[in-house]
Every structure is written in structure tokens, then in C-alpha cells.
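Engineer: Next up, input_19.cif (mmCIF, C-alpha atoms).
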```cif
data_run
#
loop_
_atom_site.label_atom_id
_atom_site.label_comp_id
_atom_site.auth_asym_id
_atom_site.auth_seq_id
_atom_site.Cartn_x
_atom_site.Cartn_y
_atom_site.Cartn_z
CA ASP R 1 122.00 81.45 122.67
CA MET R 2 119.12 78.95 122.57
CA ASP R 3 121.14 76.48 124.66
CA ALA R 4 122.42 79.14 127.08
CA GLY R 5 118.99 79.77 128.56
CA LEU R 6 119.06 83.45 127.55
CA ASP R 7 115.91 85.39 126.75
CA PRO R 8 116.11 86.31 123.02
CA ARG R 9 113.86 89.28 123.72
CA ASP R 10 116.75 90.83 125.65
CA ARG R 11 119.03 90.28 122.69
CA TRP R 12 116.77 91.50 119.89
CA PHE R 13 115.21 94.52 121.56
CA VAL R 14 116.31 97.49 123.67
CA LYS R 15 116.12 96.28 127.27
CA SER R 16 115.63 99.69 128.89
CA THR R 17 112.32 100.48 127.19
CA ASP R 18 109.05 99.41 128.70
CA ASP R 19 107.68 97.97 125.48
CA ARG R 20 110.98 96.45 124.30
CA GLY R 21 110.70 98.43 121.10
CA LEU R 22 113.32 98.24 118.40
CA LEU R 23 116.01 100.93 118.35
CA SER R 24 114.53 102.21 115.11
CA THR R 25 111.76 101.01 112.81
CA ASP R 26 112.54 102.97 109.68
CA GLY R 27 115.91 101.46 108.81
CA GLU R 28 117.69 104.82 109.11
CA TYR R 29 120.20 105.48 111.89
CA ASP R 30 121.53 108.85 112.90
CA GLU R 31 125.21 108.43 113.83
CA THR R 32 124.79 110.17 117.19
CA GLU R 33 121.74 108.06 118.02
CA LEU R 34 123.60 104.88 117.12
CA MET R 35 126.69 105.72 119.21
CA ASN R 36 124.59 106.74 122.19
CA PHE R 37 122.67 103.48 121.92
CA ILE R 38 125.84 101.38 121.83
CA GLU R 39 127.58 103.28 124.64
CA THR R 40 124.66 103.57 127.06
CA GLU R 41 122.50 100.51 126.43
CA ASN R 42 124.90 97.83 125.29
CA LYS R 43 128.38 98.77 126.48
CA SER R 44 128.53 95.75 128.74
CA LEU R 45 127.32 93.44 125.97
CA LEU R 46 129.98 94.66 123.56
CA HIS R 47 132.92 94.58 125.98
CA ASP R 48 132.03 91.94 128.57
CA ALA R 49 132.76 88.53 127.07
CA SER R 50 131.31 86.80 130.13
CA SER R 51 127.80 88.03 129.25
CA LYS R 52 127.60 85.31 126.53
CA GLN R 53 125.25 87.60 124.62
CA ARG R 54 125.79 88.91 121.11
CA LEU R 55 124.47 92.30 120.07
CA LEU R 56 122.72 92.29 116.71
CA GLU R 57 124.20 95.48 115.30
CA PRO R 58 121.77 97.63 113.28
CA LYS R 59 122.50 97.92 109.58
CA LEU R 60 123.56 101.41 108.61
CA SER R 61 121.97 102.86 105.50
CA LEU R 62 124.29 103.08 102.48
CA PRO R 63 124.53 106.00 100.07
CA PRO R 64 123.06 105.49 96.58
CA GLN R 65 125.34 103.46 94.34
CA THR R 66 126.21 104.42 90.76
CA VAL R 67 127.86 102.43 87.97
CA LYS R 68 131.22 103.95 88.89
CA ASP R 69 130.88 102.63 92.46
CA MET R 70 130.16 99.06 91.39
CA PRO R 71 132.52 96.27 90.30
CA GLU R 72 132.38 94.83 86.81
CA PRO R 73 129.22 92.70 86.36
CA LEU R 74 129.53 88.92 86.15
CA PHE R 75 127.22 88.92 83.14
CA CYS R 76 125.72 91.84 81.29
CA ASP R 77 123.53 92.84 78.40
CA PRO R 78 125.37 95.97 77.22
CA LEU R 79 122.09 97.56 76.20
CA TYR R 80 120.86 97.57 79.80
CA CYS R 81 123.96 97.73 81.99
CA SER R 82 126.00 100.41 80.23
CA ILE R 83 123.81 103.29 81.39
CA PRO R 84 124.53 105.32 84.54
CA HIS R 85 121.33 104.68 86.49
CA PRO R 86 119.21 101.69 87.56
CA PRO R 87 115.73 100.81 86.26
CA SER R 88 112.68 102.41 87.87
CA CYS R 89 109.98 100.21 89.34
CA ILE R 90 106.63 100.04 91.07
CA ASN R 91 106.46 97.07 93.43
CA TYR R 92 103.34 95.83 95.22
CA GLU R 93 105.11 93.31 97.43
CA LYS R 94 105.89 94.05 101.06
CA PRO R 95 108.07 95.49 102.41
CA THR R 96 108.85 98.04 99.71
CA TYR R 97 110.80 101.26 100.21
CA GLY R 98 111.48 104.35 98.16
CA VAL R 99 109.49 106.27 95.57
CA PRO R 100 108.01 104.33 92.63
CA GLY R 101 109.05 105.25 89.10
CA PRO R 102 105.91 104.19 87.21
CA THR R 103 102.73 105.53 88.82
CA VAL R 104 99.07 104.58 88.48
CA GLN R 105 97.19 107.13 86.42
CA THR R 106 93.86 105.27 86.27
CA GLN R 107 93.03 102.34 88.52
CA ASN R 108 89.28 101.93 87.93
CA GLU R 109 88.17 98.75 89.76
CA TRP R 110 91.50 96.95 89.86
CA LYS R 111 92.19 95.93 93.45
CA ILE R 112 95.43 96.15 95.40
CA TRP R 113 96.02 92.86 97.17
CA LYS R 114 98.51 91.69 99.81
CA GLN R 115 99.00 88.16 101.08
CA ASN R 116 97.93 87.82 104.71
CA ASN R 117 100.52 85.48 106.18
CA ASN R 118 100.23 84.16 109.73
CA TRP R 119 102.85 85.13 112.28
CA ALA R 120 104.88 81.93 111.78
CA TYR R 121 105.42 82.46 108.03
CA GLU R 122 109.18 82.35 107.20
CA VAL R 123 110.03 82.23 110.94
CA GLY R 124 112.48 79.56 112.09
CA LYS R 125 111.14 76.42 113.79
CA LYS R 126 113.02 77.06 117.03
CA ASP R 127 111.66 80.62 117.22
CA ILE R 128 108.13 79.37 116.53
CA ALA R 129 108.40 76.87 119.39
CA LEU R 130 109.78 79.57 121.68
CA PHE R 131 107.01 82.05 121.00
CA LYS R 132 104.31 79.41 121.22
CA ARG R 133 105.43 78.63 124.76
CA TRP R 134 105.04 82.31 125.70
CA ASN R 135 101.59 82.40 124.05
CA ASP R 136 101.75 86.19 123.81
CA GLU R 137 99.79 87.84 120.97
CA GLU R 138 101.93 90.98 121.19
CA TRP R 139 105.05 88.92 120.62
CA TYR R 140 103.44 87.01 117.78
CA GLN R 141 103.10 90.37 116.00
CA LYS R 142 106.70 91.35 116.77
CA CYS R 143 107.88 87.97 115.50
CA THR R 144 105.92 88.20 112.22
CA HIS R 145 108.09 88.22 109.11
CA LEU R 146 107.70 91.41 107.06
CA ASP R 147 107.76 89.64 103.70
CA ALA R 148 104.43 89.33 101.86
CA CYS R 149 103.47 88.86 98.24
CA GLY R 150 101.25 91.51 96.71
CA GLY R 151 99.84 92.84 93.49
CA ILE R 152 97.19 94.88 91.72
CA THR R 153 94.60 92.56 90.26
CA ALA R 154 91.52 92.14 88.08
CA SER R 155 89.69 89.16 86.57
CA ASP R 156 86.88 90.56 84.40
CA SER R 157 86.14 93.40 81.96
CA SER R 158 83.84 95.26 84.36
CA GLN R 159 86.90 96.32 86.36
CA GLY R 160 87.97 98.65 83.59
CA GLU R 161 91.38 99.63 82.31
CA LEU R 162 94.48 99.94 84.48
CA VAL R 163 96.80 102.71 83.25
CA PHE R 164 100.36 103.36 84.42
CA GLU R 165 102.34 106.46 83.58
CA LEU R 166 105.94 105.46 82.95
CA PRO R 167 108.82 107.84 83.80
CA ALA R 168 109.42 108.78 80.14
CA SER R 169 112.09 111.39 80.84
CA LYS R 170 114.24 108.79 82.62
CA MET R 171 113.78 106.00 80.08
CA THR R 172 116.96 105.65 78.03
CA THR R 173 116.66 102.18 76.46
CA GLY R 174 112.88 101.64 76.23
CA LEU R 175 112.82 98.43 78.27
CA ILE R 176 109.41 97.63 79.85
CA ILE R 177 108.88 94.53 82.03
CA VAL R 178 105.82 93.34 83.93
CA CYS R 179 105.89 90.59 86.57
CA GLY R 180 103.01 88.56 87.94
CA CYS R 181 101.95 87.02 91.20
CA CYS R 182 101.91 84.43 92.54
CA GLY R 183 104.27 81.70 91.45
CA LYS R 184 107.70 81.43 89.87
CA LYS R 185 106.48 80.70 86.32
CA VAL R 186 103.39 82.84 85.79
CA GLY R 187 104.86 85.26 83.23
CA GLU R 188 104.06 83.32 80.08
CA ASP R 189 100.53 82.18 80.89
CA MET R 190 99.40 85.38 82.63
CA PHE R 191 100.71 87.86 80.07
CA LEU R 192 102.01 86.32 76.83
CA LYS R 193 99.48 83.52 76.26
CA ASN R 194 96.52 85.25 77.86
CA GLU R 195 94.32 86.21 74.90
CA ASN R 196 91.92 87.84 77.32
CA LEU R 197 94.49 90.48 78.31
CA GLU R 198 95.10 93.48 76.08
CA ILE R 199 98.22 95.60 76.68
CA LYS R 200 98.61 99.04 75.11
CA LEU R 201 101.35 101.66 75.03
CA ASN R 202 100.09 105.19 74.33
CA GLY R 203 96.85 103.72 73.00
CA LYS R 204 98.50 101.26 70.60
CA VAL R 205 98.02 97.53 71.20
CA LEU R 206 101.39 95.87 71.74
CA ASN R 207 102.23 92.83 69.62
CA LYS R 208 102.63 89.86 71.97
CA SER R 209 104.67 87.95 69.40
CA LYS R 210 107.48 90.43 70.07
CA MET R 211 107.32 89.87 73.83
CA ASP R 212 109.24 87.22 75.72
CA VAL R 213 109.74 85.80 79.21
CA TYR R 214 112.43 87.97 80.84
CA PRO R 215 114.45 88.21 83.08
CA ASN R 216 112.86 85.22 84.85
CA ALA R 217 109.82 83.02 84.42
CA LYS R 218 107.46 85.18 86.48
CA CYS R 219 107.99 88.22 84.22
CA ALA R 220 107.35 89.25 80.62
CA ARG R 221 109.37 91.75 78.62
CA LEU R 222 106.72 93.85 76.89
CA VAL R 223 109.18 96.10 75.05
CA LYS R 224 112.84 95.17 74.54
CA ALA R 225 114.09 98.61 73.50
CA PHE R 226 113.40 101.74 71.52
CA LYS R 227 113.89 101.29 67.78
CA ASP R 228 117.13 103.29 67.98
CA PHE R 229 118.60 100.25 69.79
CA ASP R 230 116.52 97.41 68.31
CA GLU R 231 115.81 97.19 64.59
CA ASP R 232 112.77 94.99 65.24
CA SER R 233 111.15 97.57 67.52
CA ASP R 234 108.52 100.05 66.39
CA ILE R 235 108.61 102.05 69.64
CA SER R 236 110.23 105.49 69.61
CA LYS R 237 111.11 107.60 72.64
CA GLU R 238 108.32 110.06 73.46
CA ASP R 239 107.66 112.69 76.11
CA GLU R 240 104.91 110.54 77.66
CA PHE R 241 104.34 106.83 77.98
CA LEU R 242 101.01 105.45 79.20
CA LEU R 243 100.93 101.66 79.61
CA SER R 244 97.49 100.10 79.98
CA PHE R 245 96.14 96.65 80.85
CA ASN R 246 92.58 95.67 80.00
CA ILE R 247 90.62 92.44 80.59
CA LEU R 248 88.57 91.78 77.42
CA ASP R 249 86.12 89.07 78.49
CA ASP R 250 84.81 87.60 81.71
CA ASN R 251 86.50 84.22 81.50
CA GLY R 252 87.64 84.31 85.12
CA GLN R 253 91.41 84.29 84.48
CA GLU R 254 92.96 86.59 87.04
CA VAL R 255 95.74 89.03 86.16
CA LYS R 256 97.82 90.03 89.19
CA ILE R 257 100.67 92.46 88.59
CA SER R 258 103.37 92.50 91.26
CA HIS R 259 106.04 94.62 89.55
CA LEU R 260 106.34 97.01 86.63
CA ILE R 261 109.85 97.98 85.53
CA ALA R 262 111.01 100.61 83.06
CA LEU R 263 114.47 101.58 81.85
#
```
Re-express the file's structure as C-alpha cells.

Structural biologist:
Amino acid sequence: DMDAGLDPRDRWFVKSTDDRGLLSTDGEYDETELMNFIETENKSLLHDASSKQRLLEPKLSLPPQTVKDMPEPLFCDPLYCSIPHPPSCINYEKPTYGVPGPTVQTQNEWKIWKQNNNWAYEVGKKDIALFKRWNDEEWYQKCTHLDACGGITASDSSQGELVFELPASKMTTGLIIVCGCCGKKVGEDMFLKNENLEIKLNGKVLNKSKMDVYPNAKCARLVKAFKDFDEDSDISKEDEFLLSFNILDDNGQEVKISHLIAL
């Protein structure tokens, strides 16, 4: 399409609208809306090969998947993958959809942060060159990639304690994972080796010697499992789980939580 001299704005956006808005911005497509769109707006594009244009078909939303709907996993820890539902999560990165499982009970002075990327972040070089030639601020915004790192952060004791309420009724194994931002290998230094960070579950300080880096280097597994599943665990299933993070001294080391996962 770049070599054909076609305007990509005609291909990406609905041509009949004044503002060239997307067909939908929420990712959900009503079947009638979708069929009307295809038949009225793009019939010629779909059936006229001489147009040389390709319609980018919208992705239809899929129903929730369960274990029965999925193929056998390529690798699996039976403790975590033999249950009928996925982990619950709170995610501070953008874009994020759905309802969080863990929720913030007490935030105090911890700050929610999002990376402010410029419009060319993660955009292809050819597209950048194209939009620069148009020099149109409105189109810079439409071209901007949605992805952005984010987290909830604190760096000194004056910011108080951050407390999450975990979805205790849905926790079947007792797994608790926290991930940090930003970087691919921040889990160990930010959480496990950070003597200035105190982590409690229901008011009891968690033993960091029992934690490990998991499932990747930006995350730390705070609790592996309830003691019913792990003989080394001293955590039992309860009706309520409050997980807290507290900066002990003002040494300037920032803690930035991007994800909290519970299963």
C-alpha cells in the first residue's frame, strides 16, 4: 500500500465520517453494526479486487475461555494450571481492560504513574515518516501507540503504607506475585533484596528468604502456596487477605509496582 500511493487514512478509518473516526473504540462489536459497516461502507473494498486496498477487519470479541476450552499446555506446574479459572490481577500498565481482582484498600501517598511516551513510540519508521510529512497534530494523536508502562510508586517512609485487598474467596492455591517497573530484571533488587521494603500479609511480615523470582525476572513470588499444598508454607486460607507494602527508611530507592497477581 505504501508503494501504491494510497492514503493509509482511507484504509485505517471509516471514510464516510467527517473526523475519520474508528468504527469502534471499545473493542466490542455488535454483529448487526459490523455487518452494516461491511456492507455499506466497504462493500467495494471487499469485492472489488481492482481497488488494491485491503480492509483491516475489526477483531471480534471472544467469549471467556475455561480450562475445558483450551488445549493441553506445553508446560505446566500442576499446582497452578489444574484449577478451572485464571489468576486475578491488578495491572497499572496501559491499556488494561476488565475488572481488577486485587483492589487498593489504602493508598496513602503512593502515586499512580504512567509513562508519557511521544507519538512515535512503537510506531513503524515508514508510518513516522508519513505522518511527519503531514505535520498534523490531530493525526499524531491518532497514530500514538496505546502501550505505556505504569505503576503505583513510593520512595520514602513518609508516603505511608500501601494496602491491597486480595480476592480471598477466589484464591484456591495461595499464589501471590508482585511485578515491578521498569525493566526486565527488577524483581530481585526491588522486592527480594530491598531491605528498605517491608511486605506484610494480614499484618504478618513475610519472610523474604521464602520468596523467589517468578515467573520472570521482573516479578517476585511472595507466597508460593497455602500450606495445604506446600509443606514449607505457613500461610493458611482465610476469609480476608490484606497485602501491604511499606518503605522503612528514606534511602531514595523507589518501589514501583506494575502488577499484583493472586491465585

Engineer: Could you tell me how far CA of Ala148 (chain R) sits from CA of Pro95 (chain R), in Å to one decimal place?

Structural biologist: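 CA of Pro95 (chain R) sits 7.2 Å away from CA of Ala148 (chain R).
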
Engineer: Under the rule that only C-alpha atoms are counted, which of R:Leu197, R:Cys81, R:Ile90, R:Ile176 is the nearest residue to Cys219 (chain R)?

Structural biologist: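 Closest candidate: R:Ile176.
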
Engineer: Can you pull out the residues contacting Cys89 (chain R)? Cut-off 6 Å, using only C-alpha atoms, and skip same-chain residues under 2 positions away; I want them as number ranges by chain.

Structural biologist: R: 100-101, 260-261

Engineer: List as JSON lines every residue of region 94-114 of chain R that is in contact with region 155-166 of chain R, defined as an atom at most 9 Å from one of its atoms (using only C-alpha atoms), together with the nearest atom pair and the distance in Å rounded to one decimal, sorted by chain and then rising number.

Structural biologist:
```
{"residue": "R:Gly101", "atom": "CA", "partner": "R:Leu166", "partner_atom": "CA", "distance": 6.9}
{"residue": "R:Pro102", "atom": "CA", "partner": "R:Leu166", "partner_atom": "CA", "distance": 4.4}
{"residue": "R:Thr103", "atom": "CA", "partner": "R:Glu165", "partner_atom": "CA", "distance": 5.3}
{"residue": "R:Val104", "atom": "CA", "partner": "R:Phe164", "partner_atom": "CA", "distance": 4.4}
{"residue": "R:Gln105", "atom": "CA", "partner": "R:Phe164", "partner_atom": "CA", "distance": 5.3}
{"residue": "R:Thr106", "atom": "CA", "partner": "R:Val163", "partner_atom": "CA", "distance": 4.9}
{"residue": "R:Gln107", "atom": "CA", "partner": "R:Leu162", "partner_atom": "CA", "distance": 4.9}
{"residue": "R:Asn108", "atom": "CA", "partner": "R:Gly160", "partner_atom": "CA", "distance": 5.6}
{"residue": "R:Glu109", "atom": "CA", "partner": "R:Gln159", "partner_atom": "CA", "distance": 4.4}
{"residue": "R:Trp110", "atom": "CA", "partner": "R:Gln159", "partner_atom": "CA", "distance": 5.8}
{"residue": "R:Lys111", "atom": "CA", "partner": "R:Gln159", "partner_atom": "CA", "distance": 8.9}
```

Engineer: Could you tell me, as a PyMOL selection string, exactly which residues end up selected when the PyMOL selection byres ((chain R and resi 153) around 8) is applied to this structure?

Structural biologist: chain R and resi 110-113+151-152+154-155+254-257

Engineer: I'd like the contact shell of Glu93 (chain R) - 9 Å cut-off, all atoms listed in the file, skipping same-chain residues fewer than 3 positions apart - returned as a VMD selection string.

Structural biologist: chain R and resid 96 114 to 115 147 to 151 258 to 259

Engineer: When the PyMOL selection byres ((chain R and resi 222) around 8) is applied to the file above, which residues end up in the set, as a list of chain:residue names?

Structural biologist: R:Leu175, R:Ile176, R:Ile177, R:Val178, R:Leu206, R:Lys208, R:Lys210, R:Met211, R:Asp212, R:Ala220, R:Arg221, R:Val223, R:Lys224

Engineer: Got time to write the residues from that selection, C-alpha atoms, as a PDB file, in the frame of the given file?

Structural biologist:
```pdb
ATOM      1  CA  LEU R 175     112.820  98.430  78.270  1.00  0.00           C
ATOM      2  CA  ILE R 176     109.410  97.630  79.850  1.00  0.00           C
ATOM      3  CA  ILE R 177     108.880  94.530  82.030  1.00  0.00           C
ATOM      4  CA  VAL R 178     105.820  93.340  83.930  1.00  0.00           C
ATOM      5  CA  LEU R 206     101.390  95.870  71.740  1.00  0.00           C
ATOM      6  CA  LYS R 208     102.630  89.860  71.970  1.00  0.00           C
ATOM      7  CA  LYS R 210     107.480  90.430  70.070  1.00  0.00           C
ATOM      8  CA  MET R 211     107.320  89.870  73.830  1.00  0.00           C
ATOM      9  CA  ASP R 212     109.240  87.220  75.720  1.00  0.00           C
ATOM     10  CA  ALA R 220     107.350  89.250  80.620  1.00  0.00           C
ATOM     11  CA  ARG R 221     109.370  91.750  78.620  1.00  0.00           C
ATOM     12  CA  VAL R 223     109.180  96.100  75.050  1.00  0.00           C
ATOM     13  CA  LYS R 224     112.840  95.170  74.540  1.00  0.00           C
TER      14      LYS R 224
END
```

Engineer: Tell me which residues the PyMOL selection byres ((chain R and resi 227-243) around 8) grabs here, as a PyMOL selection string.

Structural biologist: chain R and resi 79+163-169+173-174+199-203+223-226+244-245

Engineer: CA of Tyr92 (chain R) and CA of Phe191 (chain R) are how many Å apart?

Structural biologist: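 Separation between CA of Tyr92 (chain R) and CA of Phe191 (chain R): 17.3 Å.
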
Engineer: Once you add 8 Å to each side, what are the centre and edge lengths of the axis-aligned box holding all listed atoms of region 205-214 of chain R? One decimal in Å, as lines of an AutoDock Vina configuration file, if you can.

Structural biologist:
```
center_x = 105.2
center_y = 91.7
center_z = 75.1
size_x = 30.4
size_y = 27.7
size_z = 27.4
```

Engineer: Please provide the set of residues having any atom within 9 Å of region 183-186 of chain R, restricted to only C-alpha atoms, with same-chain residues fewer than 6 positions apart removed, written as a PDB file with C-alpha atoms, in the frame of the given file.

Structural biologist:
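Final file, result_13.pdb:
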```pdb
ATOM      1  CA  ASN R 216     112.860  85.220  84.850  1.00  0.00           C
ATOM      2  CA  ALA R 217     109.820  83.020  84.420  1.00  0.00           C
ATOM      3  CA  LYS R 218     107.460  85.180  86.480  1.00  0.00           C
ATOM      4  CA  CYS R 219     107.990  88.220  84.220  1.00  0.00           C
TER       5      CYS R 219
END
```

Engineer: Using CA of Gly252 (chain R) and CA of Val205 (chain R) as the two end points, give the distance in Å to one decimal.

Structural biologist: 21.8 Å

Engineer: With all atoms listed in the file as the atoms that count, which of R:Ile83, R:Leu248, R:Ala120, R:Met171 lies nearest to Asn196 (chain R)?

Structural biologist: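 Checking each candidate against Asn196 (chain R), we get R:Leu248 as the closest.
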
Engineer: R:Val123, R:Met190, R:Cys143, R:Ala262: which is nearest Thr172 (chain R), counting all atoms listed in the file?

Structural biologist: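 Ranking R:Val123, R:Met190, R:Cys143, R:Ala262 by distance to Thr172 (chain R), first place goes to R:Ala262.
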
Engineer: Ranking R:Leu146, R:Leu130, R:Leu74, R:Cys182 by minimum distance to Lys94 (chain R) and counting only C-alpha atoms, which one comes first?

Structural biologist: R:Leu146
